[in-house]
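So this one's protein-v4.pdb, PDB, C-alpha atoms, pLDDT in the B column:
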```pdb
ATOM      1  CA  MET V   1      10.457  20.510-290.415  1.00 48.00           C
ATOM      2  CA  SER V   2      13.601  19.872-288.532  1.00 49.00           C
ATOM      3  CA  ASN V   3      13.871  17.192-285.897  1.00 51.00           C
ATOM      4  CA  GLU V   4      14.519  19.864-283.248  1.00 51.00           C
ATOM      5  CA  THR V   5      11.237  21.637-284.063  1.00 54.00           C
ATOM      6  CA  ASN V   6       9.264  18.377-283.756  1.00 50.00           C
ATOM      7  CA  GLN V   7      10.857  17.723-280.364  1.00 53.00           C
ATOM      8  CA  ASN V   8       9.899  21.223-279.163  1.00 52.00           C
ATOM      9  CA  LYS V   9       6.280  20.679-280.238  1.00 49.00           C
ATOM     10  CA  MET V  10       6.136  17.313-278.501  1.00 48.00           C
ATOM     11  CA  GLN V  11       7.543  18.871-275.315  1.00 54.00           C
ATOM     12  CA  ARG V  12       4.944  21.685-275.382  1.00 50.00           C
ATOM     13  CA  ASN V  13       2.162  19.130-275.913  1.00 50.00           C
ATOM     14  CA  ALA V  14       3.466  17.008-273.033  1.00 52.00           C
ATOM     15  CA  ASN V  15       3.634  20.057-270.745  1.00 53.00           C
ATOM     16  CA  SER V  16       0.077  21.175-271.564  1.00 49.00           C
ATOM     17  CA  ALA V  17      -1.237  17.623-271.150  1.00 52.00           C
ATOM     18  CA  ALA V  18       0.445  17.334-267.762  1.00 54.00           C
ATOM     19  CA  SER V  19      -1.302  20.479-266.520  1.00 73.00           C
ATOM     20  CA  ALA V  20      -4.805  19.096-267.172  1.00 88.00           C
ATOM     21  CA  PRO V  21      -6.069  16.237-264.981  1.00 91.00           C
ATOM     22  CA  SER V  22      -6.738  12.828-266.475  1.00 94.00           C
ATOM     23  CA  ILE V  23     -10.398  11.942-265.962  1.00 95.00           C
ATOM     24  CA  ILE V  24     -11.863   8.487-265.474  1.00 97.00           C
ATOM     25  CA  SER V  25     -15.625   8.937-265.627  1.00 96.00           C
ATOM     26  CA  ALA V  26     -18.277   7.059-263.655  1.00 97.00           C
ATOM     27  CA  ASP V  27     -19.105   4.642-266.490  1.00 97.00           C
ATOM     28  CA  VAL V  28     -15.502   3.367-266.744  1.00 97.00           C
ATOM     29  CA  LYS V  29     -14.116   0.258-265.045  1.00 97.00           C
ATOM     30  CA  ILE V  30     -10.398  -0.444-265.369  1.00 97.00           C
ATOM     31  CA  VAL V  31      -8.852  -3.793-264.483  1.00 98.00           C
ATOM     32  CA  GLY V  32      -5.131  -3.120-264.167  1.00 97.00           C
ATOM     33  CA  ASN V  33      -2.738  -0.586-262.731  1.00 97.00           C
ATOM     34  CA  ILE V  34      -2.759   3.149-263.507  1.00 96.00           C
ATOM     35  CA  SER V  35       0.333   5.338-263.358  1.00 95.00           C
ATOM     36  CA  THR V  36       0.644   9.009-264.275  1.00 94.00           C
ATOM     37  CA  VAL V  37       2.950  11.851-263.249  1.00 94.00           C
ATOM     38  CA  GLY V  38      -0.031  14.209-263.305  1.00 94.00           C
ATOM     39  CA  GLU V  39      -3.340  14.675-261.571  1.00 96.00           C
ATOM     40  CA  LEU V  40      -6.143  12.104-261.763  1.00 97.00           C
ATOM     41  CA  GLN V  41      -9.890  12.649-261.276  1.00 97.00           C
ATOM     42  CA  LEU V  42     -11.470   9.251-260.577  1.00 98.00           C
ATOM     43  CA  ASP V  43     -15.223   8.793-260.740  1.00 98.00           C
ATOM     44  CA  GLY V  44     -15.120   5.214-262.080  1.00 98.00           C
ATOM     45  CA  ILE V  45     -13.786   1.936-260.673  1.00 98.00           C
ATOM     46  CA  VAL V  46     -10.168   0.701-260.733  1.00 98.00           C
ATOM     47  CA  GLU V  47      -9.250  -2.857-259.832  1.00 98.00           C
ATOM     48  CA  GLY V  48      -5.502  -2.377-259.504  1.00 98.00           C
ATOM     49  CA  ASP V  49      -2.947   0.036-258.100  1.00 98.00           C
ATOM     50  CA  VAL V  50      -3.078   3.782-258.745  1.00 97.00           C
ATOM     51  CA  ILE V  51       0.054   5.966-258.753  1.00 97.00           C
ATOM     52  CA  CYS V  52      -0.207   9.695-259.491  1.00 96.00           C
ATOM     53  CA  SER V  53       0.823  13.081-258.142  1.00 96.00           C
ATOM     54  CA  GLU V  54      -2.709  14.019-257.042  1.00 97.00           C
ATOM     55  CA  LEU V  55      -5.869  11.927-256.859  1.00 98.00           C
ATOM     56  CA  THR V  56      -9.329  13.357-256.432  1.00 98.00           C
ATOM     57  CA  MET V  57     -11.901  10.589-256.103  1.00 98.00           C
ATOM     58  CA  GLY V  58     -15.585  11.345-256.526  1.00 97.00           C
ATOM     59  CA  GLU V  59     -18.393   9.794-254.455  1.00 97.00           C
ATOM     60  CA  HIS V  60     -18.942   6.996-256.984  1.00 97.00           C
ATOM     61  CA  GLY V  61     -15.240   6.326-257.546  1.00 98.00           C
ATOM     62  CA  GLY V  62     -13.517   3.255-256.157  1.00 98.00           C
ATOM     63  CA  VAL V  63     -10.155   1.511-256.026  1.00 98.00           C
ATOM     64  CA  THR V  64      -9.357  -2.053-255.027  1.00 98.00           C
ATOM     65  CA  GLY V  65      -5.573  -1.898-254.653  1.00 98.00           C
ATOM     66  CA  THR V  66      -2.816   0.375-253.411  1.00 97.00           C
ATOM     67  CA  VAL V  67      -3.121   4.135-253.944  1.00 97.00           C
ATOM     68  CA  SER V  68       0.081   6.234-253.899  1.00 97.00           C
ATOM     69  CA  ALA V  69       0.149  10.004-254.438  1.00 97.00           C
ATOM     70  CA  GLU V  70       1.446  13.243-253.001  1.00 96.00           C
ATOM     71  CA  ASN V  71      -2.121  14.451-252.337  1.00 97.00           C
ATOM     72  CA  LEU V  72      -5.318  12.440-251.939  1.00 98.00           C
ATOM     73  CA  VAL V  73      -8.891  13.681-251.671  1.00 98.00           C
ATOM     74  CA  ILE V  74     -11.222  10.713-251.203  1.00 98.00           C
ATOM     75  CA  ARG V  75     -15.012  10.906-251.460  1.00 98.00           C
ATOM     76  CA  GLY V  76     -15.504   7.336-252.724  1.00 98.00           C
ATOM     77  CA  THR V  77     -14.409   3.836-251.722  1.00 98.00           C
ATOM     78  CA  VAL V  78     -10.904   2.406-251.291  1.00 98.00           C
ATOM     79  CA  ALA V  79     -10.176  -1.239-250.458  1.00 98.00           C
ATOM     80  CA  GLY V  80      -6.410  -1.282-249.959  1.00 97.00           C
ATOM     81  CA  THR V  81      -3.474   0.692-248.639  1.00 97.00           C
ATOM     82  CA  MET V  82      -3.258   4.429-249.258  1.00 97.00           C
ATOM     83  CA  ARG V  83       0.079   6.307-249.124  1.00 97.00           C
ATOM     84  CA  ALA V  84       0.263  10.082-249.484  1.00 97.00           C
ATOM     85  CA  ARG V  85       1.801  13.171-247.940  1.00 96.00           C
ATOM     86  CA  SER V  86      -1.609  14.792-247.607  1.00 97.00           C
ATOM     87  CA  VAL V  87      -4.782  12.737-247.158  1.00 97.00           C
ATOM     88  CA  ARG V  88      -8.269  14.221-246.950  1.00 98.00           C
ATOM     89  CA  LEU V  89     -11.122  11.790-246.315  1.00 98.00           C
ATOM     90  CA  GLU V  90     -14.409  13.544-246.927  1.00 98.00           C
ATOM     91  CA  LYS V  91     -17.738  12.609-245.333  1.00 98.00           C
ATOM     92  CA  THR V  92     -18.715  10.133-248.082  1.00 98.00           C
ATOM     93  CA  ALA V  93     -15.361   8.257-247.989  1.00 98.00           C
ATOM     94  CA  LYS V  94     -15.356   4.526-247.226  1.00 98.00           C
ATOM     95  CA  VAL V  95     -11.889   3.079-246.582  1.00 98.00           C
ATOM     96  CA  SER V  96     -10.879  -0.478-245.761  1.00 98.00           C
ATOM     97  CA  GLY V  97      -7.101  -0.523-245.388  1.00 97.00           C
ATOM     98  CA  ASP V  98      -4.189   1.293-243.841  1.00 96.00           C
ATOM     99  CA  VAL V  99      -3.598   4.992-244.491  1.00 96.00           C
ATOM    100  CA  TRP V 100       0.056   6.132-244.510  1.00 96.00           C
ATOM    101  CA  HIS V 101       0.214   9.921-244.302  1.00 96.00           C
ATOM    102  CA  GLU V 102       2.167  12.989-243.275  1.00 96.00           C
ATOM    103  CA  THR V 103      -0.930  15.181-242.873  1.00 97.00           C
ATOM    104  CA  LEU V 104      -4.447  13.864-242.413  1.00 97.00           C
ATOM    105  CA  SER V 105      -7.950  15.327-242.422  1.00 97.00           C
ATOM    106  CA  VAL V 106     -11.055  13.224-241.767  1.00 97.00           C
ATOM    107  CA  GLU V 107     -14.536  14.716-242.053  1.00 97.00           C
ATOM    108  CA  ALA V 108     -17.352  13.543-239.789  1.00 97.00           C
ATOM    109  CA  GLY V 109     -19.216  10.761-241.590  1.00 97.00           C
ATOM    110  CA  ALA V 110     -16.191   9.131-243.241  1.00 97.00           C
ATOM    111  CA  ARG V 111     -16.055   5.355-242.609  1.00 97.00           C
ATOM    112  CA  ILE V 112     -12.633   3.853-241.957  1.00 95.00           C
ATOM    113  CA  GLU V 113     -11.506   0.320-241.194  1.00 97.00           C
ATOM    114  CA  GLY V 114      -7.736   0.092-240.782  1.00 95.00           C
ATOM    115  CA  GLN V 115      -4.763   1.888-239.291  1.00 95.00           C
ATOM    116  CA  PHE V 116      -3.509   5.429-239.666  1.00 95.00           C
ATOM    117  CA  VAL V 117       0.299   5.473-239.861  1.00 94.00           C
ATOM    118  CA  HIS V 118       2.069   8.832-239.612  1.00 93.00           C
ATOM    119  CA  ASP V 119       5.317   8.985-241.600  1.00 91.00           C
ATOM    120  CA  SER V 120       7.461  11.869-242.835  1.00 88.00           C
ATOM    121  CA  ASP V 121       7.754  10.184-246.251  1.00 88.00           C
ATOM    122  CA  PRO V 122       4.665   7.963-246.501  1.00 89.00           C
ATOM    123  CA  VAL V 123       4.791   7.488-250.257  1.00 85.00           C
ATOM    124  CA  LEU V 124       8.092   5.602-249.979  1.00 73.00           C
ATOM    125  CA  ALA V 125       7.583   4.169-246.471  1.00 57.00           C
ATOM    126  CA  LYS V 126       7.967   0.435-245.977  1.00 54.00           C
ATOM    127  CA  PRO V 127       5.825  -1.552-243.535  1.00 50.00           C
ATOM    128  CA  LYS V 128       7.585  -2.238-240.270  1.00 50.00           C
ATOM    129  CA  ASP V 129       8.637  -5.775-239.323  1.00 38.00           C
ATOM    130  CA  HIS V 130       5.917  -6.114-236.682  1.00 34.00           C
ATOM    131  CA  GLN V 131       3.233  -5.353-239.277  1.00 48.00           C
ATOM    132  CA  ALA V 132       4.597  -7.998-241.632  1.00 46.00           C
ATOM    133  CA  LYS V 133       4.617 -10.540-238.781  1.00 38.00           C
ATOM    134  CA  ALA V 134       1.034  -9.647-237.851  1.00 40.00           C
ATOM    135  CA  ALA V 135      -0.095 -10.171-241.448  1.00 47.00           C
ATOM    136  CA  THR V 136       1.621 -13.585-241.516  1.00 43.00           C
ATOM    137  CA  ALA V 137      -0.035 -14.595-238.249  1.00 40.00           C
ATOM    138  CA  GLU V 138      -3.483 -13.777-239.667  1.00 44.00           C
ATOM    139  CA  LYS V 139      -3.199 -16.274-242.535  1.00 45.00           C
ATOM    140  CA  PRO V 140      -5.253 -19.462-242.064  1.00 45.00           C
ATOM    141  CA  ALA V 141      -3.418 -22.609-240.995  1.00 45.00           C
ATOM    142  CA  GLU V 142      -2.784 -25.433-243.474  1.00 43.00           C
ATOM    143  CA  LYS V 143      -5.308 -28.295-243.382  1.00 44.00           C
ATOM    144  CA  ASP V 144      -4.888 -31.855-244.642  1.00 44.00           C
ATOM    145  CA  GLY V 145      -1.738 -31.033-246.576  1.00 45.00           C
ATOM    146  CA  GLU V 146      -3.368 -28.163-248.475  1.00 45.00           C
ATOM    147  CA  LYS V 147      -1.452 -24.950-248.571  1.00 43.00           C
ATOM    148  CA  ALA V 148      -3.014 -21.943-246.892  1.00 42.00           C
ATOM    149  CA  LYS V 149      -4.563 -19.606-249.392  1.00 42.00           C
ATOM    150  CA  ASP V 150      -2.703 -16.326-249.734  1.00 41.00           C
ATOM    151  CA  ALA V 151      -5.038 -13.410-249.053  1.00 41.00           C
ATOM    152  CA  ASN V 152      -3.585 -11.528-252.025  1.00 41.00           C
ATOM    153  CA  SER V 153      -4.470 -14.319-254.434  1.00 39.00           C
ATOM    154  CA  GLU V 154      -8.196 -14.238-253.615  1.00 43.00           C
ATOM    155  CA  ASP V 155     -10.590 -12.505-255.967  1.00 47.00           C
ATOM    156  CA  LYS V 156     -11.047  -9.016-254.538  1.00 43.00           C
ATOM    157  CA  SER V 157     -13.027  -7.620-257.442  1.00 45.00           C
ATOM    158  CA  SER V 158     -16.116  -7.035-255.319  1.00 49.00           C
ATOM    159  CA  ASP V 159     -14.314  -5.483-252.315  1.00 51.00           C
ATOM    160  CA  VAL V 160     -15.211  -1.934-253.351  1.00 51.00           C
ATOM    161  CA  SER V 161     -18.909  -2.729-253.716  1.00 50.00           C
ATOM    162  CA  LYS V 162     -18.987  -4.710-250.426  1.00 50.00           C
ATOM    163  CA  ILE V 163     -17.498  -1.769-248.528  1.00 48.00           C
ATOM    164  CA  ALA V 164     -19.791   0.717-250.225  1.00 49.00           C
ATOM    165  CA  GLU V 165     -22.863  -1.368-249.332  1.00 51.00           C
ATOM    166  CA  SER V 166     -21.906  -2.007-245.699  1.00 47.00           C
ATOM    167  CA  GLY V 167     -23.406   0.695-243.586  1.00 43.00           C
ATOM    168  CA  SER V 168     -23.020  -0.875-240.170  1.00 37.00           C
ATOM    169  CA  GLY V 169     -20.097  -0.673-237.716  1.00 37.00           C
ATOM    170  CA  SER V 170     -16.435  -0.651-238.549  1.00 36.00           C
ATOM    171  CA  ARG V 171     -13.749  -2.960-237.175  1.00 36.00           C
ATOM    172  CA  GLY V 172      -9.978  -2.805-237.075  1.00 37.00           C
ATOM    173  CA  LYS V 173      -7.117  -1.067-235.369  1.00 46.00           C
ATOM    174  CA  PHE V 174      -8.900   2.225-235.892  1.00 47.00           C
ATOM    175  CA  ALA V 175     -12.544   2.576-236.671  1.00 47.00           C
ATOM    176  CA  ALA V 176     -14.432   5.817-237.061  1.00 46.00           C
ATOM    177  CA  ARG V 177     -18.000   6.447-237.944  1.00 45.00           C
ATOM    178  CA  ALA V 178     -20.120   9.510-237.509  1.00 42.00           C
TER     179      ALA V 178
END
```

Rewrite the structure from the file as structure tokens, please.
Amino acid sequence: MSNETNQNKMQRNANSAASAPSIISADVKIVGNISTVGELQLDGIVEGDVICSELTMGEHGGVTGTVSAENLVIRGTVAGTMRARSVRLEKTAKVSGDVWHETLSVEAGARIEGQFVHDSDPVLAKPKDHQAKAATAEKPAEKDGEKAKDANSEDKSSDVSKIAESGSGSRGKFAARA
């Protein structure tokens, strides 16, 4: 076969693969970042950042890290910042972190601890200076010559399970519970 024919076949395969969602089932745990140009169905656990065009997270799905997508439908647990044009938090969603959005829908029963930030381009939005200063002010002071521990360097592997297990009140800039 010619080289041009092989390239055409590869392109057709890539196009058909992009039309079907990638699925991470409930028995899968990934430690590391995930990036895809397509749609992702997440029923397992990801300890890392997730970047995709559309994310649909099932009730048992969870992410500890930043989630960036054009469209998000969350039924599971997120411990980290979410950035998307369209965000839908369904009644079983448990979120601990800021939600950057253009459009937002929150069902009664969803648990949220964090801020909602409206932005016309939330996927590319950068935190404002006052938010960066607030985060710096929240770090613990140095004691006896020891450096303050950076919050990002702590082990956050159990954040998703802690949020999922906590059923009592929410705290933060915005808290909602039905």

Matched chain/residue IDs from the PyMOL selection byres ((chain V and resi 72-74) around 7), as a PyMOL selection string
chain V and resi 54-58+69-71+75-76+84+86-90+93

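Rounded to one decimal, atom CA of Thr103 of chain V and atom CA of Asn33 of chain V lie 25.4 Å from each other.
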
For the file shown, report as a PDB file with C-alpha atoms, in the frame of the given file the outcome of the PyMOL selection byres ((chain V and resi 47) around 9) at residue level.
```
ATOM      1  CA  LYS V  29     -14.116   0.258-265.045  1.00 97.00           C
ATOM      2  CA  ILE V  30     -10.398  -0.444-265.369  1.00 97.00           C
ATOM      3  CA  VAL V  31      -8.852  -3.793-264.483  1.00 98.00           C
ATOM      4  CA  GLY V  32      -5.131  -3.120-264.167  1.00 97.00           C
ATOM      5  CA  ASN V  33      -2.738  -0.586-262.731  1.00 97.00           C
ATOM      6  CA  ILE V  45     -13.786   1.936-260.673  1.00 98.00           C
ATOM      7  CA  VAL V  46     -10.168   0.701-260.733  1.00 98.00           C
ATOM      8  CA  GLY V  48      -5.502  -2.377-259.504  1.00 98.00           C
ATOM      9  CA  ASP V  49      -2.947   0.036-258.100  1.00 98.00           C
ATOM     10  CA  GLY V  62     -13.517   3.255-256.157  1.00 98.00           C
ATOM     11  CA  VAL V  63     -10.155   1.511-256.026  1.00 98.00           C
ATOM     12  CA  THR V  64      -9.357  -2.053-255.027  1.00 98.00           C
ATOM     13  CA  GLY V  65      -5.573  -1.898-254.653  1.00 98.00           C
ATOM     14  CA  LYS V 156     -11.047  -9.016-254.538  1.00 43.00           C
ATOM     15  CA  SER V 157     -13.027  -7.620-257.442  1.00 45.00           C
ATOM     16  CA  VAL V 160     -15.211  -1.934-253.351  1.00 51.00           C
TER      17      VAL V 160
END
```

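In this model, the gap between atom CA of Ala79 of chain V and atom CA of Gln115 of chain V comes to 12.8 Å.
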
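Between Arg85 of chain V and the candidates V:Ala20, V:Val50, V:Val123, V:Ala108, the tightest atom-to-atom separation, counting only C-alpha atoms, involves V:Val123.
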
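Taking only C-alpha atoms into account, those protein, DNA and RNA residues with any atom at most 7 Å away from (-9.5, 15.8, -262.5) amount to Pro21, Ser22, Ile23, Glu39, Leu40, Gln41 and Thr56 of chain V.
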
Would you please work out which residue, of V:Gly80, V:Val95, V:Cys52, V:Gly61, is nearest to Asp27 of chain V when using only C-alpha atoms?
V:Gly61

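Picture a line from atom CA of Lys94 of chain V to atom CA of Ile112 of chain V; it runs 6.0 Å.
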
Output the residue selection produced by the PyMOL selection byres ((chain V and resi 118) around 8) on the file above, formatted as a PyMOL selection string.
chain V and resi 100-103+116-117+119-120+122

Export, as an mmCIF file, in the frame of the given file, the selected residues with C-alpha atoms.
```cif
data_model
loop_
_atom_site.group_PDB
_atom_site.id
_atom_site.type_symbol
_atom_site.label_atom_id
_atom_site.label_comp_id
_atom_site.auth_asym_id
_atom_site.auth_seq_id
_atom_site.Cartn_x
_atom_site.Cartn_y
_atom_site.Cartn_z
ATOM 1 C CA TRP V 100 0.056 6.132 -244.510
ATOM 2 C CA HIS V 101 0.214 9.921 -244.302
ATOM 3 C CA GLU V 102 2.167 12.989 -243.275
ATOM 4 C CA THR V 103 -0.930 15.181 -242.873
ATOM 5 C CA PHE V 116 -3.509 5.429 -239.666
ATOM 6 C CA VAL V 117 0.299 5.473 -239.861
ATOM 7 C CA ASP V 119 5.317 8.985 -241.600
ATOM 8 C CA SER V 120 7.461 11.869 -242.835
ATOM 9 C CA PRO V 122 4.665 7.963 -246.501
#
```

Reconstructed segment 88-99 of chain V, atom set N, CA and C atoms, as a short mmCIF file (atom, residue, chain, number, x, y, z; two decimals), keeping the file's coordinate frame:
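Saved file part.cif follows:
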```
data_model
loop_
_atom_site.label_atom_id
_atom_site.label_comp_id
_atom_site.auth_asym_id
_atom_site.auth_seq_id
_atom_site.Cartn_x
_atom_site.Cartn_y
_atom_site.Cartn_z
N ARG V 88 -7.02 13.63 -247.41
CA ARG V 88 -8.27 14.22 -246.95
C ARG V 88 -9.39 13.24 -247.25
N LEU V 89 -10.00 12.72 -246.18
CA LEU V 89 -11.12 11.79 -246.32
C LEU V 89 -12.39 12.59 -246.04
N GLU V 90 -13.20 12.75 -247.08
CA GLU V 90 -14.41 13.54 -246.93
C GLU V 90 -15.55 12.68 -246.41
N LYS V 91 -16.67 13.29 -246.06
CA LYS V 91 -17.74 12.61 -245.33
C LYS V 91 -18.31 11.38 -246.04
N THR V 92 -18.18 11.28 -247.35
CA THR V 92 -18.72 10.13 -248.08
C THR V 92 -17.66 9.04 -248.30
N ALA V 93 -16.45 9.23 -247.79
CA ALA V 93 -15.36 8.26 -247.99
C ALA V 93 -15.63 6.97 -247.21
N LYS V 94 -15.27 5.85 -247.85
CA LYS V 94 -15.36 4.53 -247.23
C LYS V 94 -14.02 3.85 -247.49
N VAL V 95 -13.24 3.61 -246.43
CA VAL V 95 -11.89 3.08 -246.58
C VAL V 95 -11.74 1.80 -245.79
N SER V 96 -11.23 0.77 -246.43
CA SER V 96 -10.88 -0.48 -245.76
C SER V 96 -9.42 -0.75 -246.09
N GLY V 97 -8.54 -0.36 -245.17
CA GLY V 97 -7.10 -0.52 -245.39
C GLY V 97 -6.33 0.52 -244.62
N ASP V 98 -5.04 0.38 -244.58
CA ASP V 98 -4.19 1.29 -243.84
C ASP V 98 -3.95 2.57 -244.63
N VAL V 99 -3.82 3.68 -243.89
CA VAL V 99 -3.60 4.99 -244.49
C VAL V 99 -2.27 5.53 -243.97
#
```
